[in-house]
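File shown: data30.tsv (TSV, C-alpha atoms).
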chain	number	residue	atom	x	y	z
A	1	MET	CA	-67.65	107.81	136.00
A	2	GLY	CA	-70.72	109.24	137.64
A	3	PHE	CA	-72.30	110.07	140.96
A	4	TYR	CA	-75.20	109.23	143.22
A	5	ASP	CA	-77.13	111.75	145.29
A	6	PRO	CA	-80.58	111.05	146.74
A	7	ASN	CA	-81.48	114.76	146.54
A	8	ASP	CA	-83.03	115.38	143.12
A	9	THR	CA	-82.42	119.14	143.13
A	10	ILE	CA	-78.74	118.88	144.03
A	11	ALA	CA	-78.23	115.94	141.68
A	12	GLN	CA	-79.65	117.87	138.73
A	13	GLU	CA	-77.40	120.86	139.46
A	14	VAL	CA	-74.29	118.68	139.76
A	15	SER	CA	-75.12	116.70	136.63
A	16	GLU	CA	-75.61	119.86	134.56
A	17	LYS	CA	-72.65	121.77	135.97
A	18	TYR	CA	-70.09	118.97	135.65
A	19	GLN	CA	-71.68	116.99	132.80
A	20	LEU	CA	-71.66	113.80	134.89
A	21	PRO	CA	-74.18	111.00	134.65
A	22	ARG	CA	-76.33	110.55	137.73
A	23	PHE	CA	-77.02	107.07	139.03
A	24	LEU	CA	-80.31	106.53	140.86
A	25	ASP	CA	-78.90	103.67	142.94
A	26	PRO	CA	-75.50	103.66	144.68
A	27	GLU	CA	-75.00	99.96	143.92
A	28	ARG	CA	-75.43	100.51	140.17
A	29	LEU	CA	-72.84	103.28	140.37
A	30	MET	CA	-70.47	100.91	142.18
A	31	ASP	CA	-71.02	98.29	139.48
A	32	ALA	CA	-69.98	100.84	136.84
A	33	CYS	CA	-66.75	101.92	138.59
A	34	ASP	CA	-63.40	100.50	139.65
A	35	LEU	CA	-62.97	103.05	142.42
A	36	VAL	CA	-65.54	104.53	144.80
A	37	ASP	CA	-65.09	107.79	146.70
A	38	ILE	CA	-67.48	107.88	149.65
A	39	ILE	CA	-68.53	111.47	150.26
A	40	ALA	CA	-71.53	111.12	152.52
A	41	PRO	CA	-72.50	111.87	156.10
A	42	THR	CA	-70.53	109.68	158.52
A	43	PRO	CA	-73.50	107.49	159.56
A	44	PHE	CA	-73.65	106.16	155.97
A	45	HIS	CA	-69.94	105.36	155.61
A	46	PHE	CA	-69.98	101.82	156.94
A	47	THR	CA	-72.87	100.61	154.78
A	48	LEU	CA	-71.53	102.20	151.59
A	49	CYS	CA	-67.94	101.08	152.24
A	50	GLU	CA	-69.02	97.54	152.98
A	51	LYS	CA	-71.04	97.32	149.76
A	52	ALA	CA	-68.16	98.68	147.67
A	53	ILE	CA	-65.57	96.41	149.29
A	54	ARG	CA	-67.76	93.35	148.80
A	55	LYS	CA	-67.95	94.29	145.12
A	56	GLY	CA	-64.14	94.35	144.97
A	57	LYS	CA	-63.84	98.11	144.53
A	58	HIS	CA	-61.06	100.41	145.66
A	59	VAL	CA	-62.55	102.74	148.28
A	60	PHE	CA	-61.65	106.24	149.43
A	61	VAL	CA	-63.48	107.63	152.47
A	62	LYS	CA	-63.30	111.24	153.60
A	63	ASN	CA	-63.13	110.31	157.30
A	64	ARG	CA	-61.66	107.53	159.38
A	65	TRP	CA	-63.00	104.00	159.11
A	66	PRO	CA	-66.48	104.11	160.67
A	67	ILE	CA	-66.31	101.06	162.94
A	68	PRO	CA	-65.34	101.00	166.59
A	69	TRP	CA	-61.77	99.90	167.28
A	70	LYS	CA	-59.06	100.67	169.75
A	71	ARG	CA	-56.09	102.69	168.62
A	72	PRO	CA	-52.66	101.28	169.34
A	73	LYS	CA	-51.03	103.03	172.30
A	74	SER	CA	-48.27	104.29	170.00
A	75	TRP	CA	-50.74	106.64	168.23

Give the structure from this file in structure tokens form.
Amino acid sequence: MGFYDPNDTIAQEVSEKYQLPRFLDPERLMDACDLVDIIAPTPFHFTLCEKAIRKGKHVFVKNRWPIPWKRPKSW
């Protein structure tokens, strides 16, 4: 278990507060986990999800799938 955050200040605070290891690269974090929870700004969802899925990880995303698609009329 661990986390990735590109912001050094926030990452240090989170690591100290929750006693979690910080990964300096999101792909190394994905390699160390079975499940990835994507909590990032929406523009980054697709890239991070794609990388995790290609690595065979289970993925949770806080928003809808970030690719264009048409909803079925029944929705």

Take the point (-71.7, 97.7, 147.6) in the file's coordinates, draw a sphere of radius 12 Å around it, and report as a list of chain:residue names every protein, DNA or RNA residue with an atom inside or on it, counting all atoms listed in the file. A:Asp25, A:Pro26, A:Glu27, A:Arg28, A:Leu29, A:Met30, A:Asp31, A:Ala32, A:Cys33, A:Asp34, A:Leu35, A:Val36, A:Ile38, A:His45, A:Phe46, A:Thr47, A:Leu48, A:Cys49, A:Glu50, A:Lys51, A:Ala52, A:Ile53, A:Arg54, A:Lys55, A:Gly56, A:Lys57, A:His58, A:Val59

Pick from A:Ile10, A:Pro43, A:Lys17, A:Asp37, whichever lies nearest to Phe60 of chain A using all atoms listed in the file: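 Result for the nearest residue to Phe60 of chain A: A:Asp37.
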
For atom CA of Met1 of chain A and atom CA of Gln19 of chain A, the interatomic separation in Å (one decimal):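 Atom-to-atom, atom CA of Met1 of chain A and atom CA of Gln19 of chain A are spaced 10.5 Å apart.
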
Counting all atoms listed in the file, what is within 12 Å of Ala11 of chain A, bar same-chain residues fewer than 3 positions away, as a CSV table (one decimal) with C-alpha atoms, in the frame of the given file?
chain,number,residue,atom,x,y,z
A,2,GLY,CA,-70.7,109.2,137.6
A,3,PHE,CA,-72.3,110.1,141.0
A,4,TYR,CA,-75.2,109.2,143.2
A,5,ASP,CA,-77.1,111.8,145.3
A,6,PRO,CA,-80.6,111.0,146.7
A,7,ASN,CA,-81.5,114.8,146.5
A,8,ASP,CA,-83.0,115.4,143.1
A,14,VAL,CA,-74.3,118.7,139.8
A,15,SER,CA,-75.1,116.7,136.6
A,16,GLU,CA,-75.6,119.9,134.6
A,17,LYS,CA,-72.6,121.8,136.0
A,18,TYR,CA,-70.1,119.0,135.6
A,19,GLN,CA,-71.7,117.0,132.8
A,20,LEU,CA,-71.7,113.8,134.9
A,21,PRO,CA,-74.2,111.0,134.6
A,22,ARG,CA,-76.3,110.6,137.7
A,23,PHE,CA,-77.0,107.1,139.0
A,24,LEU,CA,-80.3,106.5,140.9
